[in-house]
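start29.cif follows (mmCIF, C-alpha atoms and all ligand atoms):
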data_final
#
loop_
_atom_site.label_atom_id
_atom_site.label_comp_id
_atom_site.auth_asym_id
_atom_site.auth_seq_id
_atom_site.Cartn_x
_atom_site.Cartn_y
_atom_site.Cartn_z
CA MET A 223 -101.11 -103.04 -0.38
CA ILE A 224 -99.71 -100.97 -3.24
CA SER A 225 -102.27 -99.99 -5.88
CA PHE A 226 -101.43 -98.55 -9.25
CA GLN A 227 -104.55 -96.89 -10.61
CA ASN A 228 -104.36 -96.02 -14.30
CA ALA A 229 -100.85 -94.75 -13.71
CA SER A 230 -99.05 -93.41 -16.77
CA LYS A 231 -95.80 -91.60 -17.31
CA ALA A 232 -95.07 -89.57 -20.41
CA PHE A 233 -91.64 -87.96 -20.33
CA PRO A 234 -91.16 -84.39 -21.57
CA ASP A 235 -89.60 -85.71 -24.81
CA GLY A 236 -92.83 -87.57 -25.55
CA THR A 237 -91.61 -91.06 -24.60
CA VAL A 238 -94.34 -93.04 -22.90
CA GLY A 239 -92.55 -94.91 -20.12
CA VAL A 240 -95.63 -96.44 -18.52
CA ASP A 241 -99.03 -96.72 -20.12
CA ASP A 242 -102.16 -96.91 -17.97
CA LEU A 243 -100.86 -99.29 -15.32
CA SER A 244 -103.51 -100.69 -13.00
CA LEU A 245 -102.61 -103.46 -10.64
CA GLU A 246 -102.42 -104.29 -6.98
CA VAL A 247 -99.45 -105.61 -5.07
CA GLU A 248 -100.74 -107.59 -2.10
CA THR A 249 -99.31 -106.86 1.32
CA GLY A 250 -96.72 -109.48 2.23
CA SER A 251 -96.35 -110.77 -1.31
CA LEU A 252 -93.39 -110.79 -3.66
CA THR A 253 -94.52 -109.33 -6.96
CA VAL A 254 -92.22 -109.30 -9.97
CA PHE A 255 -92.30 -106.86 -12.89
CA VAL A 256 -90.66 -108.65 -15.80
CA GLY A 257 -90.07 -107.65 -19.40
CA PRO A 258 -87.38 -106.61 -21.83
CA SER A 259 -85.33 -103.46 -21.29
CA GLY A 260 -87.12 -100.15 -21.80
CA CYS A 261 -90.67 -101.33 -21.15
CA GLY A 262 -91.28 -99.20 -18.07
CA LYS A 263 -90.51 -101.49 -15.15
CA THR A 264 -88.14 -99.10 -13.38
CA THR A 265 -90.35 -96.10 -14.07
CA SER A 266 -93.36 -97.91 -12.56
CA MET A 267 -91.38 -98.97 -9.52
CA ARG A 268 -90.06 -95.45 -8.94
CA MET A 269 -93.60 -94.14 -8.78
CA VAL A 270 -93.91 -95.98 -5.48
CA ASN A 271 -91.16 -94.00 -3.72
CA LYS A 272 -91.97 -90.78 -5.58
CA MET A 273 -88.79 -90.73 -7.61
CA VAL A 274 -91.19 -90.51 -10.56
CA THR A 275 -94.47 -88.61 -10.52
CA PRO A 276 -97.18 -90.09 -12.74
CA THR A 277 -98.42 -87.74 -15.47
CA SER A 278 -101.85 -89.26 -14.98
CA GLY A 279 -103.40 -91.76 -12.62
CA ARG A 280 -102.13 -92.43 -9.12
CA VAL A 281 -100.42 -94.79 -6.75
CA LEU A 282 -101.87 -95.68 -3.35
CA ILE A 283 -100.27 -97.37 -0.39
CA ASP A 284 -102.81 -98.94 1.95
CA GLY A 285 -105.50 -96.78 0.42
CA ARG A 286 -103.63 -93.48 0.69
CA ASP A 287 -102.62 -91.57 -2.41
CA ILE A 288 -98.87 -91.16 -2.07
CA ALA A 289 -99.11 -87.74 -3.71
CA ASP A 290 -100.51 -86.63 -0.34
CA LEU A 291 -97.72 -88.21 1.72
CA PRO A 292 -94.53 -86.30 2.54
CA THR A 293 -91.59 -87.75 0.61
CA VAL A 294 -89.00 -88.25 3.33
CA PRO A 295 -91.06 -90.34 5.78
CA LEU A 296 -92.50 -92.25 2.81
CA ARG A 297 -89.01 -93.21 1.64
CA LEU A 298 -87.89 -94.17 5.13
CA GLY A 299 -90.65 -96.78 5.04
CA ILE A 300 -89.47 -98.21 1.74
CA GLY A 301 -86.26 -100.19 1.31
CA TYR A 302 -84.64 -99.77 -2.10
CA VAL A 303 -82.10 -102.12 -3.66
CA ILE A 304 -80.57 -101.43 -7.07
CA GLN A 305 -78.31 -103.26 -9.48
CA HIS A 306 -74.94 -102.06 -8.27
CA ALA A 307 -76.05 -101.91 -4.64
CA GLY A 308 -75.53 -98.12 -4.56
CA LEU A 309 -73.32 -98.32 -1.50
CA LEU A 310 -71.40 -95.30 -0.27
CA PRO A 311 -67.79 -96.03 -1.30
CA HIS A 312 -66.11 -94.23 1.60
CA ARG A 313 -68.15 -95.86 4.33
CA THR A 314 -67.62 -99.32 5.74
CA VAL A 315 -70.18 -102.07 5.30
CA LEU A 316 -71.46 -101.54 8.82
CA ASP A 317 -71.84 -97.79 8.38
CA ASN A 318 -73.56 -98.25 5.02
CA VAL A 319 -76.13 -100.50 6.62
CA ALA A 320 -76.51 -98.22 9.65
CA GLN A 321 -77.02 -95.13 7.50
CA VAL A 322 -80.83 -95.33 7.14
CA LEU A 323 -81.15 -96.00 10.86
CA ARG A 324 -79.16 -92.86 11.62
CA LEU A 325 -81.46 -90.93 9.27
CA LYS A 326 -84.38 -92.31 11.24
CA GLY A 327 -82.87 -90.71 14.33
CA LEU A 328 -81.38 -93.72 16.10
CA SER A 329 -78.25 -93.17 18.16
CA ARG A 330 -74.98 -94.33 16.65
CA ARG A 331 -74.83 -97.26 19.04
CA GLU A 332 -78.39 -98.37 18.44
CA ALA A 333 -77.98 -97.97 14.69
CA ARG A 334 -74.89 -100.15 14.70
CA ALA A 335 -76.58 -102.82 16.79
CA ARG A 336 -79.54 -102.98 14.39
CA ALA A 337 -77.16 -102.97 11.44
CA HIS A 338 -75.42 -106.01 12.89
CA GLU A 339 -78.76 -107.82 13.01
CA ALA A 340 -79.54 -106.96 9.39
CA ILE A 341 -76.10 -108.16 8.31
CA GLU A 342 -76.72 -111.41 10.13
CA ARG A 343 -80.06 -111.80 8.40
CA VAL A 344 -78.49 -111.73 4.94
CA GLN A 345 -75.74 -114.10 6.11
CA LEU A 346 -72.87 -111.86 5.17
CA ARG A 347 -69.70 -113.08 6.86
CA PRO A 348 -69.24 -110.96 10.02
CA GLU A 349 -65.55 -110.35 9.33
CA LEU A 350 -66.55 -108.26 6.30
CA ILE A 351 -68.35 -105.52 8.22
CA ASP A 352 -65.32 -103.24 8.51
CA ARG A 353 -64.45 -103.44 4.82
CA TYR A 354 -65.24 -100.85 2.18
CA PRO A 355 -67.61 -101.76 -0.67
CA SER A 356 -64.80 -101.97 -3.26
CA GLN A 357 -63.20 -104.70 -1.16
CA LEU A 358 -66.23 -106.97 -1.61
CA SER A 359 -67.33 -109.22 -4.47
CA GLY A 360 -70.40 -108.24 -6.50
CA GLY A 361 -72.50 -110.83 -4.69
CA GLN A 362 -71.34 -109.64 -1.27
CA GLN A 363 -72.12 -106.03 -2.23
CA GLN A 364 -75.65 -107.05 -3.17
CA ARG A 365 -76.06 -108.77 0.19
CA VAL A 366 -75.01 -105.52 1.86
CA GLY A 367 -77.54 -103.68 -0.32
CA VAL A 368 -80.28 -106.02 0.87
CA ALA A 369 -79.15 -105.70 4.50
CA ARG A 370 -79.23 -101.93 4.22
CA ALA A 371 -82.71 -101.98 2.72
CA LEU A 372 -83.95 -104.26 5.50
CA ALA A 373 -82.16 -102.55 8.39
CA ALA A 374 -84.91 -100.09 9.26
CA ASP A 375 -87.51 -102.87 8.90
CA PRO A 376 -89.59 -101.03 6.28
CA PRO A 377 -92.89 -102.68 5.29
CA ILE A 378 -92.10 -102.26 1.58
CA LEU A 379 -89.02 -103.32 -0.37
CA LEU A 380 -88.32 -102.19 -3.93
CA MET A 381 -85.69 -104.22 -5.75
CA ASP A 382 -84.63 -103.08 -9.22
CA GLU A 383 -82.63 -105.77 -11.05
CA PRO A 384 -80.72 -106.38 -7.82
CA PHE A 385 -79.02 -109.58 -9.02
CA SER A 386 -78.59 -108.84 -12.73
CA ALA A 387 -74.93 -107.87 -12.53
CA VAL A 388 -73.67 -110.94 -10.67
CA ASP A 389 -72.69 -114.26 -12.23
CA PRO A 390 -75.36 -116.97 -12.61
CA VAL A 391 -74.18 -119.14 -9.72
CA VAL A 392 -74.14 -116.26 -7.23
CA ARG A 393 -77.41 -115.00 -8.68
CA GLU A 394 -79.11 -118.28 -7.88
CA GLU A 395 -77.68 -118.18 -4.36
CA LEU A 396 -79.03 -114.67 -3.84
CA GLN A 397 -82.43 -115.67 -5.23
CA LEU A 398 -82.72 -118.53 -2.74
CA GLU A 399 -81.55 -116.16 -0.05
CA ILE A 400 -84.25 -113.61 -0.81
CA LEU A 401 -86.90 -116.35 -0.71
CA ARG A 402 -85.59 -117.48 2.67
CA ILE A 403 -85.51 -113.91 4.01
CA GLN A 404 -89.00 -113.24 2.69
CA ARG A 405 -90.32 -116.27 4.57
CA GLU A 406 -88.90 -114.71 7.73
CA VAL A 407 -89.83 -111.05 7.26
CA GLN A 408 -92.95 -111.13 5.02
CA LYS A 409 -92.41 -107.74 3.39
CA THR A 410 -94.37 -106.34 0.49
CA ILE A 411 -91.72 -106.74 -2.19
CA LEU A 412 -91.76 -105.30 -5.67
CA PHE A 413 -88.98 -106.90 -7.69
CA VAL A 414 -87.94 -105.84 -11.20
CA THR A 415 -86.07 -108.11 -13.59
CA HIS A 416 -85.65 -108.74 -17.32
CA ASP A 417 -85.04 -112.43 -16.60
CA ILE A 418 -88.19 -114.53 -16.94
CA ASP A 419 -86.64 -117.46 -15.08
CA GLU A 420 -85.84 -115.22 -12.14
CA ALA A 421 -89.40 -113.91 -12.23
CA LEU A 422 -90.88 -117.41 -12.28
CA ARG A 423 -88.64 -118.54 -9.45
CA LEU A 424 -89.28 -115.62 -7.12
CA GLY A 425 -92.71 -114.20 -7.80
CA ASP A 426 -95.92 -114.91 -5.95
CA ARG A 427 -97.34 -112.98 -8.89
CA ILE A 428 -95.72 -111.72 -12.06
CA ALA A 429 -96.61 -108.72 -14.19
CA VAL A 430 -95.31 -109.20 -17.73
CA PHE A 431 -94.50 -105.84 -19.34
CA ALA A 432 -94.15 -105.21 -23.06
CA PRO A 433 -92.42 -102.35 -24.87
CA GLY A 434 -94.60 -99.26 -24.57
CA GLY A 435 -95.12 -99.90 -20.87
CA GLU A 436 -98.23 -102.01 -21.12
CA VAL A 437 -98.82 -105.01 -18.87
CA GLN A 438 -99.69 -108.13 -20.88
CA GLN A 439 -100.50 -110.44 -18.02
CA TYR A 440 -100.57 -110.28 -14.24
CA ALA A 441 -100.86 -113.67 -12.68
CA ALA A 442 -99.21 -116.40 -10.63
CA PRO A 443 -96.09 -117.94 -12.23
CA GLU A 444 -97.82 -121.21 -12.97
CA THR A 445 -100.60 -119.41 -14.82
CA VAL A 446 -98.13 -117.37 -16.86
CA LEU A 447 -96.39 -120.60 -17.81
CA THR A 448 -99.39 -122.74 -18.56
CA GLN A 449 -101.84 -120.13 -19.84
CA PRO A 450 -99.85 -117.27 -21.37
CA ALA A 451 -102.25 -114.42 -22.13
CA ASN A 452 -101.00 -113.86 -25.69
CA GLU A 453 -98.25 -114.61 -28.20
CA LEU A 454 -95.94 -112.06 -26.66
CA VAL A 455 -96.05 -113.68 -23.24
CA ARG A 456 -95.86 -117.11 -24.85
CA SER A 457 -92.66 -116.21 -26.67
CA MET A 458 -91.18 -114.74 -23.51
CA VAL A 459 -91.72 -117.82 -21.40
CA GLY A 460 -90.28 -119.90 -24.19
CA ARG A 461 -90.72 -123.31 -25.63
CA ASP A 462 -89.73 -125.34 -22.59
CA ARG A 463 -92.45 -123.74 -20.51
CA GLY A 464 -94.30 -127.05 -20.21
CA PHE A 465 -91.25 -128.57 -18.62
CA ARG A 466 -90.79 -125.62 -16.29
CA ALA A 467 -94.45 -125.80 -15.29
CA LEU A 468 -93.71 -129.21 -13.83
CA SER A 469 -91.79 -127.46 -11.04
CA PHE A 470 -95.12 -126.28 -9.71
CA ALA A 471 -96.90 -129.61 -10.02
CA GLY A 472 -97.00 -131.99 -7.10
CA ALA A 473 -95.93 -135.55 -7.71
CA GLU A 474 -98.94 -137.15 -5.97
CA SER A 475 -100.09 -138.70 -9.24
CA VAL A 476 -96.94 -140.83 -9.49
CA PRO A 477 -97.29 -144.03 -7.48
CA VAL A 478 -94.51 -144.72 -5.00
CA HIS A 479 -93.87 -148.41 -4.36
CA GLN A 480 -92.49 -149.97 -1.23
CA LEU A 481 -88.94 -151.26 -1.29
CA PRO A 482 -88.02 -154.78 -0.22
CA GLY A 483 -85.54 -155.08 2.68
CA ALA A 484 -81.80 -155.01 2.03
CA SER A 485 -79.73 -158.14 1.85
CA ASP A 486 -75.93 -157.83 2.06
CA GLY A 487 -76.19 -154.03 1.76
CA THR A 488 -78.11 -154.32 -1.51
CA ILE A 489 -81.78 -153.72 -2.28
CA HIS A 490 -83.16 -155.93 -5.08
CA VAL A 491 -85.93 -153.92 -6.70
CA ASP A 492 -86.83 -156.60 -9.23
CA GLY A 493 -85.19 -159.61 -10.88
CA ALA A 494 -82.90 -157.40 -12.98
CA TRP A 495 -82.28 -154.24 -10.96
CA ALA A 496 -80.65 -153.68 -7.58
CA PHE A 497 -78.86 -150.83 -5.85
CA THR A 498 -76.33 -150.78 -3.05
CA LEU A 499 -76.46 -148.91 0.25
CA ASP A 500 -73.54 -147.04 1.73
CA PRO A 501 -72.53 -147.58 5.39
CA ASP A 502 -75.04 -144.91 6.49
CA GLY A 503 -77.87 -146.70 4.74
CA ARG A 504 -78.07 -144.18 1.87
CA PRO A 505 -78.25 -145.26 -1.77
CA GLY A 506 -74.83 -146.01 -3.24
CA ASP A 507 -74.99 -147.30 -6.82
CA TRP A 508 -77.32 -149.04 -9.20
CA LEU A 509 -75.74 -152.31 -10.27
CA GLY A 510 -75.47 -153.58 -13.84
CA SER A 511 -76.40 -157.16 -14.62
CA ASP A 512 -72.70 -158.03 -14.23
CA GLY A 513 -72.63 -156.34 -10.83
CA ALA A 514 -70.73 -153.25 -12.05
CA PRO A 515 -71.66 -149.97 -10.29
CA LEU A 516 -73.55 -147.68 -12.68
CA GLY A 517 -73.94 -144.57 -10.53
CA LEU A 518 -77.19 -143.27 -9.14
CA GLY A 519 -78.63 -140.22 -10.88
CA THR A 520 -80.59 -137.75 -8.80
CA LEU A 521 -82.87 -138.91 -5.98
CA ILE A 522 -86.41 -137.83 -5.15
CA PRO A 523 -86.57 -135.84 -1.91
CA PRO A 524 -89.67 -135.73 0.28
CA ASP A 525 -92.27 -133.41 -1.32
CA GLY A 526 -90.41 -133.41 -4.64
CA SER A 527 -92.23 -131.77 -7.53
CA LEU A 528 -93.16 -133.61 -10.70
CA ARG A 529 -90.13 -132.00 -12.30
CA THR A 530 -87.87 -133.45 -9.60
CA VAL A 531 -89.36 -136.87 -10.29
CA LEU A 532 -88.85 -136.48 -14.03
CA ASP A 533 -85.24 -135.31 -13.49
CA ALA A 534 -84.68 -138.35 -11.28
CA VAL A 535 -86.00 -140.94 -13.74
CA LEU A 536 -84.20 -139.29 -16.65
CA SER A 537 -80.89 -139.29 -14.79
CA SER A 538 -81.20 -142.78 -13.32
CA PRO A 539 -79.30 -145.62 -15.01
CA ALA A 540 -82.24 -147.89 -14.08
CA PRO A 541 -85.88 -147.67 -15.18
CA TYR A 542 -86.59 -146.54 -11.62
CA ALA A 543 -85.90 -143.55 -9.38
CA ILE A 544 -85.32 -143.81 -5.66
CA CYS A 545 -87.28 -141.72 -3.15
CA VAL A 546 -85.38 -140.74 -0.02
CA ASP A 547 -86.44 -139.39 3.36
CA ALA A 548 -85.07 -136.27 5.06
CA ALA A 549 -82.05 -138.27 6.24
CA GLY A 550 -81.28 -139.37 2.66
CA ARG A 551 -82.30 -143.01 3.23
CA PRO A 552 -84.47 -144.86 0.70
CA SER A 553 -88.18 -144.54 1.40
CA GLY A 554 -89.70 -145.91 -1.81
CA ILE A 555 -89.29 -146.38 -5.51
CA VAL A 556 -90.89 -144.84 -8.59
CA GLN A 557 -91.16 -146.52 -11.98
CA ALA A 558 -89.96 -144.40 -14.90
CA GLU A 559 -93.02 -145.39 -16.94
CA ASP A 560 -95.35 -144.02 -14.24
CA ALA A 561 -93.48 -140.72 -14.18
CA TYR A 562 -93.64 -140.34 -17.99
CA ARG A 563 -97.36 -141.12 -17.91
CA ALA A 564 -97.99 -138.47 -15.21
CA VAL A 565 -96.10 -135.87 -17.25
CA ALA A 566 -97.97 -136.79 -20.44
CA ARG A 567 -101.33 -136.53 -18.66
CA ARG A 568 -100.48 -132.99 -17.57
CA GLY A 569 -99.32 -132.09 -21.08
CA SER A 570 -102.66 -133.16 -22.55
CA GLY A 571 -104.51 -130.99 -20.07
CA GLU A 572 -106.05 -133.87 -18.13
CA ALA A 573 -106.30 -133.48 -14.41
CA PRO A 574 -103.13 -134.87 -12.81
N1 LIG B 601 -86.04 -89.52 -17.53
C1 LIG B 601 -86.43 -90.04 -18.71
N2 LIG B 601 -86.62 -89.25 -19.79
C2 LIG B 601 -87.03 -89.76 -20.98
N3 LIG B 601 -87.32 -91.06 -21.19
C3 LIG B 601 -87.13 -91.89 -20.14
C4 LIG B 601 -86.69 -91.44 -18.87
N4 LIG B 601 -86.62 -92.51 -18.03
C5 LIG B 601 -86.99 -93.57 -18.77
N5 LIG B 601 -87.31 -93.20 -20.03
C6 LIG B 601 -87.80 -94.06 -21.11
O1 LIG B 601 -88.98 -94.71 -20.65
C7 LIG B 601 -89.01 -96.04 -21.10
C8 LIG B 601 -89.09 -96.97 -19.90
O2 LIG B 601 -87.88 -96.91 -19.17
P1 LIG B 601 -87.61 -97.79 -17.88
O3 LIG B 601 -88.73 -97.65 -16.94
O4 LIG B 601 -86.25 -97.45 -17.38
O5 LIG B 601 -87.60 -99.25 -18.50
P2 LIG B 601 -87.10 -100.64 -17.88
O6 LIG B 601 -86.83 -100.45 -16.44
O7 LIG B 601 -88.22 -101.58 -18.17
O8 LIG B 601 -85.87 -101.01 -18.66
C9 LIG B 601 -87.78 -96.23 -21.96
O9 LIG B 601 -88.12 -96.00 -23.28
C10 LIG B 601 -86.85 -95.16 -21.45
O10 LIG B 601 -85.95 -94.77 -22.45
MG MG B 602 -84.99 -100.75 -15.47
#

Could I get this structure in the form of structure tokens?
Amino acid sequence: MISFQNASKAFPDGTVGVDDLSLEVETGSLTVFVGPSGCGKTTSMRMVNKMVTPTSGRVLIDGRDIADLPTVPLRLGIGYVIQHAGLLPHRTVLDNVAQVLRLKGLSRREARARAHEAIERVQLRPELIDRYPSQLSGGQQQRVGVARALAADPPILLMDEPFSAVDPVVREELQLEILRIQREVQKTILFVTHDIDEALRLGDRIAVFAPGGEVQQYAAPETVLTQPANELVRSMVGRDRGFRALSFAGAESVPVHQLPGASDGTIHVDGAWAFTLDPDGRPGDWLGSDGAPLGLGTLIPPDGSLRTVLDAVLSSPAPYAICVDAAGRPSGIVQAEDAYRAVARRGSGEAP
């Protein structure tokens, strides 16, 4: 566990970077510091690896004040990923990843073997390992940065806007990737971003910073969305927060009805609406009253959230959305009306 205890940083010019920060980052959790530029996220994070010394207060790791810990071994136990990956330009991908392991005293061979494993973990294409950083895309460089941070298997990972400089599509890929990796490695991750959506997607808990370095709220994403602590947090999470909150809500409250059997490759849901099945038994098209194919919209996967259900009914040409099993075959049907009612009940604060 990382504990900030009344940690503050005033710079020599009088700027207060961080103001009386007290919070705990649980071991094995992914905690996000989010807030606009200049509100002290990076400064707070750098207190953890002693790149910044607090002017008052302290930071503890597993109960030990880091002021009492020697810097080099401390940093070897902390992976650090920054925006532009910070790779050494004249070293290959493999050597960049192996670097920390060499510093830890592993032989060249051992270091390279472990580096290979780390590269595999971030699913970087193996043929890239002999390239130099400038020969990689931004997204690939960030993967190398993550591999390098993970290579020595440190218990703590600090990530400072690691995905902010890559395009939105690659960013989303990398976000999913970090969630997958975290499920496997269960590190204590401190992640800094200015992007509230990224924070909501990744964080087990989110600390919302405001200019002046003060934390406005420290809570689970759903709480930040549904019960913002004040106007500032409310404005940050934005007007569509109710809709986003649905991503966290289960869809149990929406009844799923059984489907009748297929006849001639078509399932007749009611007198007016039917959809076809493709040769593999997966939904093909909704049919108009004249039999014309109308498309399908999105389908509801097993364990879909309430938001998935709402997306499905909104995108369906029929007043229904189709639930599918893991193989993509129809497993039930939801009425649009039921989905709208479930969403409205949540909006009014009733229990789902
Ligand atoms: N070395 C420094 N000297 C003076 N002011 C600094 C220094 N580092 C950061 N600051 C100031 O401290 C505040 C917080 O900075 P920072 O932690 O980098 O914010 P963030 O990461 O949230 O964008 C800003 O006002 C910044 O200008
Ligand atoms: Mg920063």

Which residues of chain A come within 9 Å of ligand LIG 601 (chain B), and what is each one's closest atom pair and distance in Å (one decimal), counting only C-alpha atoms and all ligand atoms, sorted by chain and residue number, as JSON lines?
{"residue": "A:Lys231", "atom": "CA", "partner": "B:LIG601", "partner_atom": "O1", "distance": 8.2}
{"residue": "A:Ala232", "atom": "CA", "partner": "B:LIG601", "partner_atom": "N3", "distance": 7.9}
{"residue": "A:Phe233", "atom": "CA", "partner": "B:LIG601", "partner_atom": "C2", "distance": 5.0}
{"residue": "A:Pro234", "atom": "CA", "partner": "B:LIG601", "partner_atom": "C2", "distance": 6.8}
{"residue": "A:Asp235", "atom": "CA", "partner": "B:LIG601", "partner_atom": "C2", "distance": 6.1}
{"residue": "A:Gly236", "atom": "CA", "partner": "B:LIG601", "partner_atom": "C2", "distance": 7.7}
{"residue": "A:Thr237", "atom": "CA", "partner": "B:LIG601", "partner_atom": "N3", "distance": 5.5}
{"residue": "A:Val238", "atom": "CA", "partner": "B:LIG601", "partner_atom": "O1", "distance": 6.0}
{"residue": "A:Gly239", "atom": "CA", "partner": "B:LIG601", "partner_atom": "O1", "distance": 3.6}
{"residue": "A:Val240", "atom": "CA", "partner": "B:LIG601", "partner_atom": "C8", "distance": 6.7}
{"residue": "A:Phe255", "atom": "CA", "partner": "B:LIG601", "partner_atom": "O7", "distance": 8.5}
{"residue": "A:Val256", "atom": "CA", "partner": "B:LIG601", "partner_atom": "O7", "distance": 7.8}
{"residue": "A:Gly257", "atom": "CA", "partner": "B:LIG601", "partner_atom": "O7", "distance": 6.5}
{"residue": "A:Pro258", "atom": "CA", "partner": "B:LIG601", "partner_atom": "O7", "distance": 6.3}
{"residue": "A:Ser259", "atom": "CA", "partner": "B:LIG601", "partner_atom": "O8", "distance": 3.6}
{"residue": "A:Gly260", "atom": "CA", "partner": "B:LIG601", "partner_atom": "O5", "distance": 3.5}
{"residue": "A:Cys261", "atom": "CA", "partner": "B:LIG601", "partner_atom": "O7", "distance": 3.9}
{"residue": "A:Gly262", "atom": "CA", "partner": "B:LIG601", "partner_atom": "O3", "distance": 3.2}
{"residue": "A:Lys263", "atom": "CA", "partner": "B:LIG601", "partner_atom": "O7", "distance": 3.8}
{"residue": "A:Thr264", "atom": "CA", "partner": "B:LIG601", "partner_atom": "O6", "distance": 3.6}
{"residue": "A:Thr265", "atom": "CA", "partner": "B:LIG601", "partner_atom": "O3", "distance": 3.6}
{"residue": "A:Ser266", "atom": "CA", "partner": "B:LIG601", "partner_atom": "O3", "distance": 6.4}
{"residue": "A:Met267", "atom": "CA", "partner": "B:LIG601", "partner_atom": "O3", "distance": 8.0}
{"residue": "A:Arg268", "atom": "CA", "partner": "B:LIG601", "partner_atom": "O3", "distance": 8.4}
{"residue": "A:Val274", "atom": "CA", "partner": "B:LIG601", "partner_atom": "N1", "distance": 8.7}
{"residue": "A:Asp382", "atom": "CA", "partner": "B:LIG601", "partner_atom": "O6", "distance": 8.0}
{"residue": "A:Glu383", "atom": "CA", "partner": "B:LIG601", "partner_atom": "O6", "distance": 8.7}
{"residue": "A:Val414", "atom": "CA", "partner": "B:LIG601", "partner_atom": "O6", "distance": 7.6}
{"residue": "A:Thr415", "atom": "CA", "partner": "B:LIG601", "partner_atom": "O6", "distance": 8.2}
{"residue": "A:His416", "atom": "CA", "partner": "B:LIG601", "partner_atom": "O7", "distance": 7.7}
{"residue": "A:Phe431", "atom": "CA", "partner": "B:LIG601", "partner_atom": "O7", "distance": 7.7}
{"residue": "A:Ala432", "atom": "CA", "partner": "B:LIG601", "partner_atom": "O7", "distance": 8.5}
{"residue": "A:Pro433", "atom": "CA", "partner": "B:LIG601", "partner_atom": "O9", "distance": 7.8}
{"residue": "A:Gly434", "atom": "CA", "partner": "B:LIG601", "partner_atom": "C7", "distance": 7.3}
{"residue": "A:Gly435", "atom": "CA", "partner": "B:LIG601", "partner_atom": "C8", "distance": 6.8}

request  = Please identify all polymer residues within 8 Å of Asp507 of chain A, counting all atoms listed in the file, omitting same-chain residues fewer than 4 positions from it, and present them as an MDAnalysis selection string.
outcome  = chainID A and resid 497:499 515:518

If you measure from atom CA of Ala467 of chain A to atom CA of Ala548 of chain A, what distance in Å do you get, rounded to one decimal?
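Value for the atom CA of Ala467 of chain A-atom CA of Ala548 of chain A distance: 24.7 Å.
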
Separation of atom CA of Pro376 of chain A from atom CA of Ser244 of chain A, in Å and rounded to one decimal =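 Computing the Euclidean distance for atom CA of Pro376 of chain A and atom CA of Ser244 of chain A yields 23.8 Å.
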
Using all atoms listed in the file, determine which residues lie at most 10 Å from Arg504 of chain A, disregarding the query and same-chain residues fewer than 2 positions distant; provide the list as an mmCIF file with C-alpha atoms, in the frame of the given file.
data_model
loop_
_atom_site.group_PDB
_atom_site.id
_atom_site.type_symbol
_atom_site.label_atom_id
_atom_site.label_comp_id
_atom_site.auth_asym_id
_atom_site.auth_seq_id
_atom_site.Cartn_x
_atom_site.Cartn_y
_atom_site.Cartn_z
ATOM 1 C CA THR A 498 -76.330 -150.780 -3.050
ATOM 2 C CA LEU A 499 -76.460 -148.910 0.250
ATOM 3 C CA ASP A 500 -73.540 -147.040 1.730
ATOM 4 C CA PRO A 501 -72.530 -147.580 5.390
ATOM 5 C CA ASP A 502 -75.040 -144.910 6.490
ATOM 6 C CA GLY A 506 -74.830 -146.010 -3.240
ATOM 7 C CA ASP A 507 -74.990 -147.300 -6.820
ATOM 8 C CA VAL A 546 -85.380 -140.740 -0.020
ATOM 9 C CA ASP A 547 -86.440 -139.390 3.360
ATOM 10 C CA ALA A 549 -82.050 -138.270 6.240
ATOM 11 C CA GLY A 550 -81.280 -139.370 2.660
ATOM 12 C CA ARG A 551 -82.300 -143.010 3.230
ATOM 13 C CA PRO A 552 -84.470 -144.860 0.700
#

key: Neighbour list for Pro477 of chain A as a ChimeraX atom specification, cut-off 12 Å, all atoms listed in the file, skip fewer than 4 positions in-chain   = /A:473,528,531,542-543,545,554-564
